[in-house]
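Raw contents of data_25.txt, compact mmCIF, C-alpha atoms and all ligand atoms:
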```
# COMPACT_ATOMS: atom_id res chain seq x y z
CA MET A 1 -39.32 76.45 -15.56
CA PRO A 2 -38.46 76.15 -11.89
CA PRO A 3 -35.79 78.62 -10.72
CA THR A 4 -32.30 77.51 -11.71
CA ILE A 5 -28.88 78.44 -10.38
CA ASP A 6 -26.62 79.86 -13.10
CA ALA A 7 -23.19 78.42 -12.19
CA ASP A 8 -21.31 80.75 -14.54
CA ARG A 9 -23.04 83.88 -13.26
CA LEU A 10 -22.30 82.86 -9.66
CA TRP A 11 -18.65 82.22 -10.52
CA SER A 12 -18.19 85.50 -12.35
CA SER A 13 -19.72 87.45 -9.44
CA LEU A 14 -17.36 85.69 -7.03
CA MET A 15 -14.35 86.49 -9.19
CA GLU A 16 -15.37 90.11 -9.78
CA LEU A 17 -15.71 90.57 -6.03
CA ALA A 18 -12.36 88.80 -5.41
CA ALA A 19 -10.63 91.39 -7.60
CA ILE A 20 -11.34 93.95 -4.86
CA GLY A 21 -8.49 93.65 -2.37
CA ALA A 22 -6.84 90.94 -4.49
CA THR A 23 -3.38 89.89 -3.25
CA THR A 24 -0.45 88.98 -5.46
CA ARG A 25 -0.67 85.36 -4.28
CA GLY A 26 -4.24 84.86 -5.43
CA GLY A 27 -6.01 85.69 -2.19
CA VAL A 28 -7.96 88.63 -0.80
CA CYS A 29 -7.27 91.30 1.82
CA ARG A 30 -10.56 93.05 2.58
CA LEU A 31 -10.30 93.94 6.25
CA ALA A 32 -13.42 95.27 7.96
CA GLY A 33 -13.75 99.05 7.67
CA SER A 34 -10.99 99.39 5.07
CA ASP A 35 -11.22 101.07 1.66
CA GLU A 36 -11.34 97.58 0.11
CA ASP A 37 -14.28 96.73 2.39
CA ARG A 38 -16.05 99.87 1.11
CA ARG A 39 -15.42 98.96 -2.53
CA GLY A 40 -16.65 95.39 -1.97
CA ARG A 41 -19.77 96.73 -0.27
CA ASP A 42 -20.35 99.26 -3.06
CA LEU A 43 -20.23 96.50 -5.68
CA PHE A 44 -22.58 94.31 -3.67
CA VAL A 45 -25.02 97.21 -3.23
CA THR A 46 -24.91 97.85 -6.99
CA TRP A 47 -25.81 94.22 -7.61
CA CYS A 48 -28.61 94.33 -5.03
CA THR A 49 -30.06 97.49 -6.55
CA GLY A 50 -29.76 95.94 -10.00
CA ALA A 51 -31.81 92.98 -8.78
CA GLY A 52 -34.51 95.37 -7.55
CA LEU A 53 -33.77 94.77 -3.88
CA GLU A 54 -34.47 97.35 -1.20
CA VAL A 55 -31.09 97.99 0.44
CA ARG A 56 -30.88 98.79 4.12
CA VAL A 57 -27.82 99.44 6.32
CA ASP A 58 -27.97 99.25 10.10
CA GLY A 59 -25.92 100.96 12.79
CA MET A 60 -23.26 98.24 12.68
CA GLY A 61 -22.94 98.50 8.90
CA ASN A 62 -24.73 95.20 8.39
CA LEU A 63 -26.09 95.28 4.83
CA PHE A 64 -29.48 93.88 3.85
CA GLY A 65 -31.00 93.51 0.37
CA ARG A 66 -34.72 92.79 0.67
CA ARG A 67 -36.85 91.03 -1.95
CA ALA A 68 -40.50 91.56 -1.05
CA GLY A 69 -42.85 88.67 -0.34
CA THR A 70 -46.63 88.62 -0.65
CA ASP A 71 -47.08 88.73 3.14
CA ARG A 72 -45.68 92.00 4.46
CA ASP A 73 -46.22 90.88 8.04
CA ARG A 74 -43.98 87.83 7.83
CA PRO A 75 -40.41 88.29 9.08
CA PRO A 76 -37.83 87.71 6.35
CA VAL A 77 -35.94 84.57 5.53
CA MET A 78 -32.33 85.80 5.69
CA ILE A 79 -29.57 84.24 3.60
CA GLY A 80 -25.98 85.43 3.44
CA SER A 81 -22.62 85.57 5.20
CA HIS A 82 -19.82 88.20 5.29
CA LEU A 83 -17.70 90.21 2.84
CA ASP A 84 -14.71 91.01 5.09
CA SER A 85 -11.61 88.79 5.00
CA GLN A 86 -8.46 87.86 6.88
CA PRO A 87 -5.33 89.91 5.98
CA THR A 88 -4.10 87.01 3.85
CA GLY A 89 -7.53 85.54 3.25
CA GLY A 90 -9.10 83.58 0.43
CA ARG A 91 -11.66 84.42 -2.22
CA PHE A 92 -14.44 82.21 -0.81
CA ASP A 93 -14.62 82.53 2.98
CA GLY A 94 -17.75 84.61 3.55
CA ALA A 95 -17.93 86.02 0.03
CA TYR A 96 -19.24 82.69 -1.21
CA GLY A 97 -22.25 82.78 1.13
CA VAL A 98 -23.19 86.32 0.09
CA MET A 99 -22.76 85.62 -3.63
CA ALA A 100 -24.70 82.32 -3.36
CA ALA A 101 -27.54 84.29 -1.73
CA LEU A 102 -27.39 86.87 -4.54
CA GLU A 103 -27.54 84.07 -7.11
CA VAL A 104 -30.61 82.60 -5.36
CA VAL A 105 -32.41 85.96 -5.67
CA ARG A 106 -31.37 86.30 -9.32
CA ALA A 107 -32.65 82.79 -10.02
CA LEU A 108 -36.01 83.59 -8.37
CA ASP A 109 -36.24 86.75 -10.52
CA ASP A 110 -35.41 84.87 -13.73
CA ALA A 111 -38.14 82.33 -13.03
CA GLY A 112 -40.68 84.97 -11.94
CA VAL A 113 -41.17 83.25 -8.60
CA THR A 114 -42.70 85.21 -5.72
CA THR A 115 -42.33 84.03 -2.14
CA VAL A 116 -44.76 84.50 0.72
CA ALA A 117 -42.16 85.71 3.23
CA PRO A 118 -39.65 88.34 2.12
CA VAL A 119 -36.17 87.05 1.32
CA GLU A 120 -33.23 89.18 2.48
CA ILE A 121 -29.61 88.83 1.52
CA VAL A 122 -27.34 89.86 4.39
CA SER A 123 -23.66 90.73 4.67
CA TRP A 124 -22.56 90.94 8.32
CA THR A 125 -19.88 93.48 9.24
CA ASN A 126 -16.51 92.30 10.63
CA GLU A 127 -17.16 88.58 10.86
CA GLU A 128 -13.45 87.80 10.90
CA GLY A 129 -12.46 90.06 13.78
CA ALA A 130 -9.00 90.14 12.20
CA ARG A 131 -8.63 93.90 12.44
CA PHE A 132 -11.21 94.56 15.17
CA PRO A 133 -11.54 91.66 17.64
CA PRO A 134 -13.76 89.90 18.52
CA ALA A 135 -15.06 87.89 15.55
CA MET A 136 -18.73 87.83 14.49
CA VAL A 137 -19.29 91.01 16.43
CA SER A 138 -22.01 92.62 14.27
CA SER A 139 -24.21 89.53 14.06
CA GLY A 140 -23.61 89.39 17.81
CA VAL A 141 -25.01 92.90 18.21
CA PHE A 142 -27.93 91.99 15.92
CA ALA A 143 -28.68 89.02 18.19
CA GLY A 144 -28.35 91.09 21.37
CA ALA A 145 -25.10 89.57 22.65
CA PHE A 146 -23.30 92.96 22.65
CA THR A 147 -24.41 96.57 22.46
CA ALA A 148 -23.69 98.53 19.28
CA GLU A 149 -21.90 101.18 21.37
CA TRP A 150 -19.46 98.59 22.75
CA ALA A 151 -18.90 96.92 19.37
CA ARG A 152 -18.31 100.23 17.57
CA ALA A 153 -15.75 101.22 20.22
CA GLN A 154 -13.51 98.20 19.52
CA THR A 155 -10.12 99.29 18.19
CA ASP A 156 -7.60 98.06 15.67
CA PRO A 157 -3.85 97.93 16.54
CA ASP A 158 -3.57 101.64 15.58
CA GLY A 159 -6.30 102.62 18.04
CA VAL A 160 -8.88 103.39 15.34
CA THR A 161 -12.40 102.30 16.27
CA LEU A 162 -14.67 100.12 14.13
CA GLY A 163 -17.38 102.78 14.45
CA ASP A 164 -15.11 105.54 13.14
CA GLU A 165 -14.09 103.40 10.18
CA LEU A 166 -17.71 102.55 9.36
CA ASP A 167 -18.47 106.30 9.44
CA ARG A 168 -15.45 107.02 7.24
CA ILE A 169 -16.40 104.48 4.55
CA GLY A 170 -20.03 105.61 4.66
CA TYR A 171 -21.52 102.43 6.06
CA THR A 172 -23.00 103.46 9.38
CA GLY A 173 -26.66 103.13 8.48
CA PRO A 174 -29.80 104.50 10.13
CA ALA A 175 -31.54 101.16 10.68
CA PRO A 176 -31.66 99.83 14.25
CA VAL A 177 -29.47 96.76 14.80
CA GLY A 178 -31.68 93.72 15.36
CA ARG A 179 -35.28 92.85 14.46
CA PRO A 180 -37.40 89.71 14.00
CA VAL A 181 -36.08 87.15 11.50
CA GLY A 182 -38.11 84.19 10.23
CA ALA A 183 -35.07 81.98 9.59
CA TYR A 184 -31.38 82.34 8.74
CA VAL A 185 -29.43 80.11 6.36
CA GLU A 186 -25.72 80.59 5.62
CA ALA A 187 -23.80 78.84 2.85
CA HIS A 188 -20.04 78.61 3.47
CA ILE A 189 -16.98 76.66 2.42
CA GLU A 190 -16.22 73.89 4.90
CA GLN A 191 -12.77 75.31 5.85
CA GLY A 192 -11.78 71.71 6.57
CA PRO A 193 -10.84 68.61 4.56
CA ILE A 194 -13.72 66.19 5.23
CA LEU A 195 -16.13 66.76 2.31
CA GLU A 196 -13.45 66.82 -0.38
CA ALA A 197 -11.66 63.76 1.02
CA GLU A 198 -14.93 61.80 0.98
CA GLY A 199 -16.05 63.08 -2.40
CA THR A 200 -19.22 64.48 -0.79
CA THR A 201 -20.59 67.72 -2.25
CA ILE A 202 -22.82 69.06 0.53
CA GLY A 203 -22.31 69.27 4.27
CA VAL A 204 -25.60 69.44 6.18
CA VAL A 205 -24.36 71.43 9.18
CA THR A 206 -26.02 70.22 12.37
CA GLY A 207 -24.21 72.63 14.68
CA VAL A 208 -20.98 74.29 15.69
CA GLN A 209 -18.55 72.82 18.15
CA GLY A 210 -17.93 74.51 21.48
CA VAL A 211 -14.60 76.22 22.11
CA ARG A 212 -12.80 76.86 25.41
CA TRP A 213 -9.60 78.86 25.71
CA TYR A 214 -7.19 78.69 28.63
CA ASP A 215 -3.87 80.13 29.75
CA VAL A 216 -1.65 77.57 31.47
CA ASP A 217 1.17 78.56 33.82
CA VAL A 218 3.82 75.98 34.79
CA PRO A 219 6.39 76.90 37.45
CA GLY A 220 10.01 75.73 37.65
CA ARG A 221 13.25 77.07 39.04
CA GLU A 222 15.82 79.04 37.09
CA GLY A 223 19.34 77.65 37.20
CA HIS A 224 22.63 77.52 35.32
CA ALA A 225 22.48 75.29 32.24
CA GLY A 226 26.02 74.06 32.86
CA SER A 227 26.47 73.72 36.58
CA THR A 228 23.04 72.30 37.55
CA PRO A 229 23.03 68.47 37.33
CA MET A 230 20.09 66.96 35.48
CA ASP A 231 18.65 65.36 38.62
CA ARG A 232 18.66 68.65 40.54
CA ARG A 233 16.54 70.65 38.11
CA ARG A 234 12.98 71.94 38.09
CA ASP A 235 12.75 72.67 34.37
CA ALA A 236 9.40 74.30 33.64
CA LEU A 237 9.67 73.70 29.91
CA VAL A 238 10.28 69.97 30.28
CA ALA A 239 7.25 69.78 32.60
CA ALA A 240 5.06 71.80 30.21
CA ALA A 241 6.23 69.76 27.23
CA GLY A 242 5.24 66.60 29.08
CA VAL A 243 1.68 67.91 29.49
CA ILE A 244 1.46 69.22 25.90
CA ALA A 245 2.63 65.89 24.50
CA THR A 246 -0.37 64.14 26.14
CA LEU A 247 -2.99 66.39 24.50
CA PRO A 248 -3.42 64.34 21.28
CA GLU A 249 -4.22 61.33 23.48
CA LEU A 250 -6.56 63.48 25.62
CA ALA A 251 -8.49 64.47 22.48
CA ALA A 252 -8.45 60.95 21.00
CA ALA A 253 -9.99 59.62 24.22
CA HIS A 254 -13.05 61.80 23.54
CA GLY A 255 -13.77 60.70 19.99
CA PRO A 256 -13.14 62.01 16.49
CA ASP A 257 -14.90 65.36 17.12
CA ALA A 258 -12.55 66.38 19.95
CA ARG A 259 -9.73 68.89 19.35
CA ALA A 260 -6.89 70.04 21.59
CA THR A 261 -4.35 72.62 20.45
CA VAL A 262 -1.49 74.54 21.99
CA GLY A 263 -0.72 77.52 19.78
CA VAL A 264 1.64 79.66 21.85
CA VAL A 265 4.39 78.57 24.26
CA THR A 266 6.53 81.10 26.11
CA ALA A 267 9.54 80.15 28.23
CA HIS A 268 11.00 82.50 30.83
CA PRO A 269 13.54 84.00 31.01
CA ALA A 270 14.13 82.81 27.42
CA SER A 271 17.88 82.55 27.68
CA ARG A 272 19.66 79.63 26.06
CA ASN A 273 21.94 78.91 29.04
CA THR A 274 19.30 79.28 31.79
CA ILE A 275 16.94 76.47 32.82
CA PRO A 276 13.39 77.80 32.22
CA GLY A 277 11.93 78.92 35.51
CA ARG A 278 8.43 79.46 34.20
CA VAL A 279 6.47 78.47 31.09
CA THR A 280 3.12 79.75 29.95
CA PHE A 281 1.13 78.22 27.11
CA THR A 282 -2.29 78.59 25.54
CA ALA A 283 -4.75 75.71 25.25
CA ASP A 284 -7.74 75.49 22.91
CA LEU A 285 -10.21 72.64 23.52
CA ARG A 286 -13.17 71.94 21.23
CA HIS A 287 -16.11 69.54 21.09
CA PRO A 288 -19.78 69.73 19.96
CA ASP A 289 -21.01 68.46 23.36
CA THR A 290 -20.72 70.57 26.53
CA ALA A 291 -20.56 67.48 28.79
CA VAL A 292 -17.58 66.16 26.84
CA LEU A 293 -15.89 69.57 26.92
CA GLU A 294 -16.24 69.53 30.72
CA LYS A 295 -14.46 66.16 30.85
CA MET A 296 -11.69 67.39 28.57
CA GLU A 297 -11.23 70.47 30.73
CA SER A 298 -11.04 68.35 33.91
CA ALA A 299 -8.40 66.14 32.30
CA LEU A 300 -6.36 69.18 31.29
CA ARG A 301 -6.60 70.65 34.81
CA GLU A 302 -5.49 67.34 36.38
CA ARG A 303 -2.48 67.04 34.13
CA VAL A 304 -1.41 70.63 34.71
CA ALA A 305 -1.93 70.31 38.48
CA ALA A 306 0.26 67.19 38.46
CA VAL A 307 3.24 69.34 37.42
CA GLY A 308 2.35 72.09 39.89
CA GLY A 309 0.81 74.40 37.30
CA THR A 310 -2.41 76.40 37.09
CA VAL A 311 -5.10 76.80 34.41
CA THR A 312 -6.94 80.11 33.89
CA ASP A 313 -10.14 80.50 31.86
CA VAL A 314 -9.74 83.00 29.00
CA TRP A 315 -12.85 82.70 26.82
CA GLN A 316 -15.48 80.21 25.78
CA SER A 317 -18.06 79.75 23.10
CA PRO A 318 -20.70 77.12 23.89
CA PRO A 319 -21.64 74.48 21.31
CA VAL A 320 -24.49 75.47 18.97
CA ASP A 321 -27.18 73.06 17.78
CA PHE A 322 -28.90 74.32 14.66
CA ASP A 323 -32.70 74.19 14.32
CA ALA A 324 -33.89 70.66 13.49
CA GLY A 325 -36.41 71.98 10.96
CA VAL A 326 -33.83 74.01 9.03
CA VAL A 327 -31.32 71.13 9.18
CA HIS A 328 -33.98 68.81 7.72
CA ALA A 329 -34.78 71.39 5.03
CA VAL A 330 -31.09 71.52 4.02
CA ARG A 331 -30.93 67.71 3.89
CA ARG A 332 -34.15 67.49 1.84
CA SER A 333 -32.97 70.18 -0.55
CA ALA A 334 -29.63 68.41 -1.13
CA ALA A 335 -31.42 65.10 -1.74
CA ALA A 336 -33.94 66.71 -4.10
CA ALA A 337 -31.06 68.23 -6.10
CA GLY A 338 -29.50 64.78 -6.38
CA LEU A 339 -26.36 65.89 -4.51
CA SER A 340 -24.25 63.68 -2.26
CA HIS A 341 -24.48 64.94 1.33
CA ARG A 342 -23.63 64.13 4.92
CA ASP A 343 -24.20 65.64 8.34
CA ILE A 344 -21.24 67.64 9.61
CA VAL A 345 -20.34 69.76 12.66
CA SER A 346 -18.65 73.08 11.97
CA GLY A 347 -15.18 73.43 13.42
CA ALA A 348 -15.17 77.19 12.93
CA GLY A 349 -17.42 79.88 14.35
CA HIS A 350 -19.84 81.69 12.02
CA ASP A 351 -22.40 84.51 12.18
CA ALA A 352 -24.96 81.67 12.19
CA CYS A 353 -23.93 80.94 15.81
CA TYR A 354 -25.39 84.26 16.97
CA LEU A 355 -28.41 84.11 14.65
CA ALA A 356 -29.19 80.67 16.10
CA THR A 357 -29.96 82.40 19.41
CA VAL A 358 -32.76 84.49 17.87
CA CYS A 359 -34.27 82.47 14.98
CA PRO A 360 -34.32 79.00 13.37
CA THR A 361 -30.90 78.73 11.75
CA GLY A 362 -28.92 76.34 9.59
CA MET A 363 -25.83 76.19 7.38
CA ILE A 364 -24.79 74.55 4.11
CA PHE A 365 -21.14 73.57 3.59
CA VAL A 366 -19.40 72.99 0.27
CA PRO A 367 -15.90 71.49 -0.05
CA CYS A 368 -12.73 73.55 -0.37
CA ARG A 369 -9.53 72.22 -1.85
CA ASP A 370 -7.21 70.49 0.64
CA GLY A 371 -9.39 71.91 3.42
CA LEU A 372 -7.46 75.18 3.14
CA SER A 373 -9.03 78.41 4.42
CA HIS A 374 -7.70 81.63 5.98
CA ASN A 375 -5.11 81.11 3.25
CA GLU A 376 -4.60 82.89 -0.07
CA ALA A 377 -4.66 79.51 -1.84
CA GLU A 378 -8.23 78.85 -0.63
CA PHE A 379 -10.23 77.40 -3.54
CA ALA A 380 -13.65 75.90 -4.27
CA GLU A 381 -14.60 74.46 -7.67
CA SER A 382 -17.32 76.29 -9.58
CA GLU A 383 -19.46 73.14 -9.53
CA TRP A 384 -19.21 72.94 -5.71
CA CYS A 385 -20.21 76.60 -5.42
CA ALA A 386 -23.20 76.05 -7.72
CA ALA A 387 -24.25 72.91 -5.83
CA GLY A 388 -24.36 74.80 -2.53
CA ALA A 389 -26.37 77.59 -4.16
CA ARG A 390 -28.86 74.99 -5.47
CA VAL A 391 -29.35 73.68 -1.94
CA LEU A 392 -29.70 77.26 -0.63
CA LEU A 393 -32.33 77.97 -3.31
CA GLY A 394 -34.36 74.90 -2.31
CA VAL A 395 -34.17 75.74 1.40
CA THR A 396 -35.08 79.38 0.78
CA LEU A 397 -38.16 78.38 -1.21
CA GLU A 398 -39.22 75.92 1.46
CA LEU A 399 -38.78 78.36 4.34
CA ALA A 400 -40.17 81.46 2.60
CA GLY A 401 -43.00 79.60 0.84
CA GLU A 402 -43.73 79.89 -2.85
CA ALA A 403 -46.62 82.28 -3.56
CA SER A 404 -46.71 81.91 -7.30
CA ALA A 405 -44.82 79.77 -9.72
CA PRO A 406 -44.85 80.59 -13.44
CA GLU A 407 -47.26 77.67 -14.01
CA ASP A 408 -49.77 79.30 -11.64
CA VAL A 409 -49.70 82.68 -13.28
CA GLY A 410 -49.92 81.22 -16.77
ZN ZN B 1 -16.35 82.95 7.10
```

Would you write the structure of this file as structure tokens?
Ligand SMILES: [Zn+2]
Amino acid sequence: MPPTIDADRLWSSLMELAAIGATTRGGVCRLAGSDEDRRGRDLFVTWCTGAGLEVRVDGMGNLFGRRAGTDRDRPPVMIGSHLDSQPTGGRFDGAYGVMAALEVVRALDDAGVTTVAPVEIVSWTNEEGARFPPAMVSSGVFAGAFTAEWARAQTDPDGVTLGDELDRIGYTGPAPVGRPVGAYVEAHIEQGPILEAEGTTIGVVTGVQGVRWYDVDVPGREGHAGSTPMDRRRDALVAAAGVIATLPELAAAHGPDARATVGVVTAHPASRNTIPGRVTFTADLRHPDTAVLEKMESALRERVAAVGGTVTDVWQSPPVDFDAGVVHAVRRSAAAAGLSHRDIVSGAGHDACYLATVCPTGMIFVPCRDGLSHNEAEFAESEWCAAGARVLLGVTLELAGEASAPEDVG
């Protein structure tokens, strides 16, 4: 018998984990470094130990469960995601990828399959960045983008550091952060509506779109709301609104993968009978292609300059192209499992973005209902979860290499 994903076992693990930090509205609150985070980790470690895995914790609290291969010199194939959540998060974001990886290992055990390269399940600390910004910080340290000292010094709104909380919950480990990895594959819910709307089960993730954040400042002149005639005003909010209203057209001009969002608008002095003398707003531009992002940024700058405003860079995350070999392996595995699939670009950031800088990396998406995520109502059907785990199993076997199948050993 080839290894087989047990859909019911995967579902019951997901639901048992979701009980830790469960919210009254059906979601999960398992913030990084919290007591709920510790309990989720403890349960995961129990499962890893039960599956005979060698558990290792590094200095960022990243958790690894290692299943030995026949070649001790080969770097591991890593599969996993994260166990922390948003404050009003769902049961599947992150947890699904870790539980799918656990199910892959259990399926290999059931079938008595040994791989050539070791297979490691990983749970990255503080992917969400909800309590301790920034997001994906511990995979970032693993990949060398930040130092562990800097990441552990990041504080929550109460001034508590991530490092102190990891110490407190007993998850600052002795292992150094970062080492060679053969390949990394992360299964995740799509967090968008495309797969479900199309009736497609598997998203073959080719990369992650680039993100650029800006602060925009539009000047005006304060004046009395009653005594200033309409043709004598410099209303900063009307000017800013004019720019904001053109952003859907700006995005549409750059194809279906372009996104432009204004999430925060602040008018000064924020008095109902004073003409706004200054408006600041945030802008978030996204596209999978850096050249297109440049054009979008230029268009934004032109439009803001036309109303006398300025644009300041705040942060950016460049687009990520996943490894062609891993992407092909995901596509092949989906086809071999007889699952409908399509290529897709991730709209959200993931730990896979940082891993992609140090090893061949890919991702597998499964649908989520109504595209909802970062929401307590987040939901993925058991059959979708199992389908993604089947694809992950196939990819893991291909990348790690099968040393012995039951047929071989009689
Ligand atoms: Zn996630």

For chain A versus ligand ZN 1 (chain B), which residues have an atom no more than 12 Å away, and what is each residue's nearest atom pair and distance in Å rounded to one decimal, using all atoms listed in the file, chain-then-number order, as JSON lines?
```
{"residue": "A:Gly80", "atom": "CA", "partner": "B:ZN1", "partner_atom": "ZN", "distance": 10.6}
{"residue": "A:Ser81", "atom": "CA", "partner": "B:ZN1", "partner_atom": "ZN", "distance": 7.1}
{"residue": "A:His82", "atom": "CA", "partner": "B:ZN1", "partner_atom": "ZN", "distance": 6.5}
{"residue": "A:Leu83", "atom": "CA", "partner": "B:ZN1", "partner_atom": "ZN", "distance": 8.5}
{"residue": "A:Asp84", "atom": "CA", "partner": "B:ZN1", "partner_atom": "ZN", "distance": 8.5}
{"residue": "A:Ser85", "atom": "CA", "partner": "B:ZN1", "partner_atom": "ZN", "distance": 7.8}
{"residue": "A:Gln86", "atom": "CA", "partner": "B:ZN1", "partner_atom": "ZN", "distance": 9.3}
{"residue": "A:Gly89", "atom": "CA", "partner": "B:ZN1", "partner_atom": "ZN", "distance": 10.0}
{"residue": "A:Gly90", "atom": "CA", "partner": "B:ZN1", "partner_atom": "ZN", "distance": 9.9}
{"residue": "A:Arg91", "atom": "CA", "partner": "B:ZN1", "partner_atom": "ZN", "distance": 10.5}
{"residue": "A:Phe92", "atom": "CA", "partner": "B:ZN1", "partner_atom": "ZN", "distance": 8.2}
{"residue": "A:Asp93", "atom": "CA", "partner": "B:ZN1", "partner_atom": "ZN", "distance": 4.5}
{"residue": "A:Gly94", "atom": "CA", "partner": "B:ZN1", "partner_atom": "ZN", "distance": 4.2}
{"residue": "A:Ala95", "atom": "CA", "partner": "B:ZN1", "partner_atom": "ZN", "distance": 7.9}
{"residue": "A:Tyr96", "atom": "CA", "partner": "B:ZN1", "partner_atom": "ZN", "distance": 8.8}
{"residue": "A:Gly97", "atom": "CA", "partner": "B:ZN1", "partner_atom": "ZN", "distance": 8.4}
{"residue": "A:Val98", "atom": "CA", "partner": "B:ZN1", "partner_atom": "ZN", "distance": 10.4}
{"residue": "A:Ser123", "atom": "CA", "partner": "B:ZN1", "partner_atom": "ZN", "distance": 10.9}
{"residue": "A:Trp124", "atom": "CA", "partner": "B:ZN1", "partner_atom": "ZN", "distance": 10.2}
{"residue": "A:Thr125", "atom": "CA", "partner": "B:ZN1", "partner_atom": "ZN", "distance": 11.3}
{"residue": "A:Asn126", "atom": "CA", "partner": "B:ZN1", "partner_atom": "ZN", "distance": 10.0}
{"residue": "A:Glu127", "atom": "CA", "partner": "B:ZN1", "partner_atom": "ZN", "distance": 6.8}
{"residue": "A:Glu128", "atom": "CA", "partner": "B:ZN1", "partner_atom": "ZN", "distance": 6.8}
{"residue": "A:Gly129", "atom": "CA", "partner": "B:ZN1", "partner_atom": "ZN", "distance": 10.5}
{"residue": "A:Ala130", "atom": "CA", "partner": "B:ZN1", "partner_atom": "ZN", "distance": 11.5}
{"residue": "A:Ala135", "atom": "CA", "partner": "B:ZN1", "partner_atom": "ZN", "distance": 9.9}
{"residue": "A:Met136", "atom": "CA", "partner": "B:ZN1", "partner_atom": "ZN", "distance": 9.2}
{"residue": "A:Glu186", "atom": "CA", "partner": "B:ZN1", "partner_atom": "ZN", "distance": 9.8}
{"residue": "A:Ala187", "atom": "CA", "partner": "B:ZN1", "partner_atom": "ZN", "distance": 9.5}
{"residue": "A:His188", "atom": "CA", "partner": "B:ZN1", "partner_atom": "ZN", "distance": 6.8}
{"residue": "A:Ile189", "atom": "CA", "partner": "B:ZN1", "partner_atom": "ZN", "distance": 7.9}
{"residue": "A:Glu190", "atom": "CA", "partner": "B:ZN1", "partner_atom": "ZN", "distance": 9.3}
{"residue": "A:Gln191", "atom": "CA", "partner": "B:ZN1", "partner_atom": "ZN", "distance": 8.5}
{"residue": "A:Ser346", "atom": "CA", "partner": "B:ZN1", "partner_atom": "ZN", "distance": 11.2}
{"residue": "A:Gly347", "atom": "CA", "partner": "B:ZN1", "partner_atom": "ZN", "distance": 11.5}
{"residue": "A:Ala348", "atom": "CA", "partner": "B:ZN1", "partner_atom": "ZN", "distance": 8.3}
{"residue": "A:Gly349", "atom": "CA", "partner": "B:ZN1", "partner_atom": "ZN", "distance": 7.9}
{"residue": "A:His350", "atom": "CA", "partner": "B:ZN1", "partner_atom": "ZN", "distance": 6.2}
{"residue": "A:Asp351", "atom": "CA", "partner": "B:ZN1", "partner_atom": "ZN", "distance": 8.1}
{"residue": "A:Ala352", "atom": "CA", "partner": "B:ZN1", "partner_atom": "ZN", "distance": 10.1}
{"residue": "A:Cys353", "atom": "CA", "partner": "B:ZN1", "partner_atom": "ZN", "distance": 11.7}
{"residue": "A:Met363", "atom": "CA", "partner": "B:ZN1", "partner_atom": "ZN", "distance": 11.6}
{"residue": "A:Phe365", "atom": "CA", "partner": "B:ZN1", "partner_atom": "ZN", "distance": 11.1}
{"residue": "A:Ser373", "atom": "CA", "partner": "B:ZN1", "partner_atom": "ZN", "distance": 9.0}
{"residue": "A:His374", "atom": "CA", "partner": "B:ZN1", "partner_atom": "ZN", "distance": 8.8}
{"residue": "A:Glu378", "atom": "CA", "partner": "B:ZN1", "partner_atom": "ZN", "distance": 11.9}
```

Separation of CA of Gly394 in chain A and CA of Ala107 in chain A, in Å?
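For CA of Gly394 in chain A relative to CA of Ala107 in chain A, the distance reads 11.2 Å.
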
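For Ala334 in chain A, the residues within 8 Å (counting only C-alpha atoms, excluding itself and residues fewer than 4 positions away along the chain) are Ile202, Val330, Gly338, Leu339, Ser340, His341, Arg390 and Val391 of chain A.
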
Could you produce a table of the residues of range 339-361 of chain A lying within 10 Å of range 163-185 of chain A, with the nearest pair of atoms per residue and their separation in Å rounded to one decimal, using all atoms listed in the file, ordered by chain and increasing residue number, as JSON lines?
```
{"residue": "A:Asp351", "atom": "CA", "partner": "A:Tyr184", "partner_atom": "CA", "distance": 9.9}
{"residue": "A:Ala352", "atom": "CA", "partner": "A:Tyr184", "partner_atom": "CA", "distance": 7.3}
{"residue": "A:Leu355", "atom": "CA", "partner": "A:Tyr184", "partner_atom": "CA", "distance": 6.8}
{"residue": "A:Ala356", "atom": "CA", "partner": "A:Tyr184", "partner_atom": "CA", "distance": 7.9}
{"residue": "A:Val358", "atom": "CA", "partner": "A:Val181", "partner_atom": "CA", "distance": 7.7}
{"residue": "A:Cys359", "atom": "CA", "partner": "A:Ala183", "partner_atom": "CA", "distance": 5.5}
{"residue": "A:Pro360", "atom": "CA", "partner": "A:Ala183", "partner_atom": "CA", "distance": 4.9}
{"residue": "A:Thr361", "atom": "CA", "partner": "A:Tyr184", "partner_atom": "CA", "distance": 4.7}
```

Dump C-alpha atoms for the selected residues as a JSON list (two decimals), in the coordinates of the input?
```json
[["chain", "number", "residue", "atom", "x", "y", "z"],
["A", 351, "ASP", "CA", -22.40, 84.51, 12.18],
["A", 352, "ALA", "CA", -24.96, 81.67, 12.19],
["A", 355, "LEU", "CA", -28.41, 84.11, 14.65],
["A", 356, "ALA", "CA", -29.19, 80.67, 16.10],
["A", 358, "VAL", "CA", -32.76, 84.49, 17.87],
["A", 359, "CYS", "CA", -34.27, 82.47, 14.98],
["A", 360, "PRO", "CA", -34.32, 79.00, 13.37],
["A", 361, "THR", "CA", -30.90, 78.73, 11.75]]
```

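Residues near the point (-14.4, 65.6, -0.2), at a distance of 12 Å or less over all atoms listed in the file, make up Ile189, Glu190, Gln191, Gly192, Pro193, Ile194, Leu195, Glu196, Ala197, Glu198, Gly199, Thr200, Thr201, Ile202, Gly203, Ser340, His341, Arg342, Phe365, Val366, Pro367, Cys368, Arg369, Asp370, Gly371, Ala380, Glu381 and Trp384 of chain A.
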
To one decimal in Å, tell me the separation between CA of Ser382 in chain A and CA of Leu10 in chain A.
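Separation between CA of Ser382 in chain A and CA of Leu10 in chain A: 8.2 Å.
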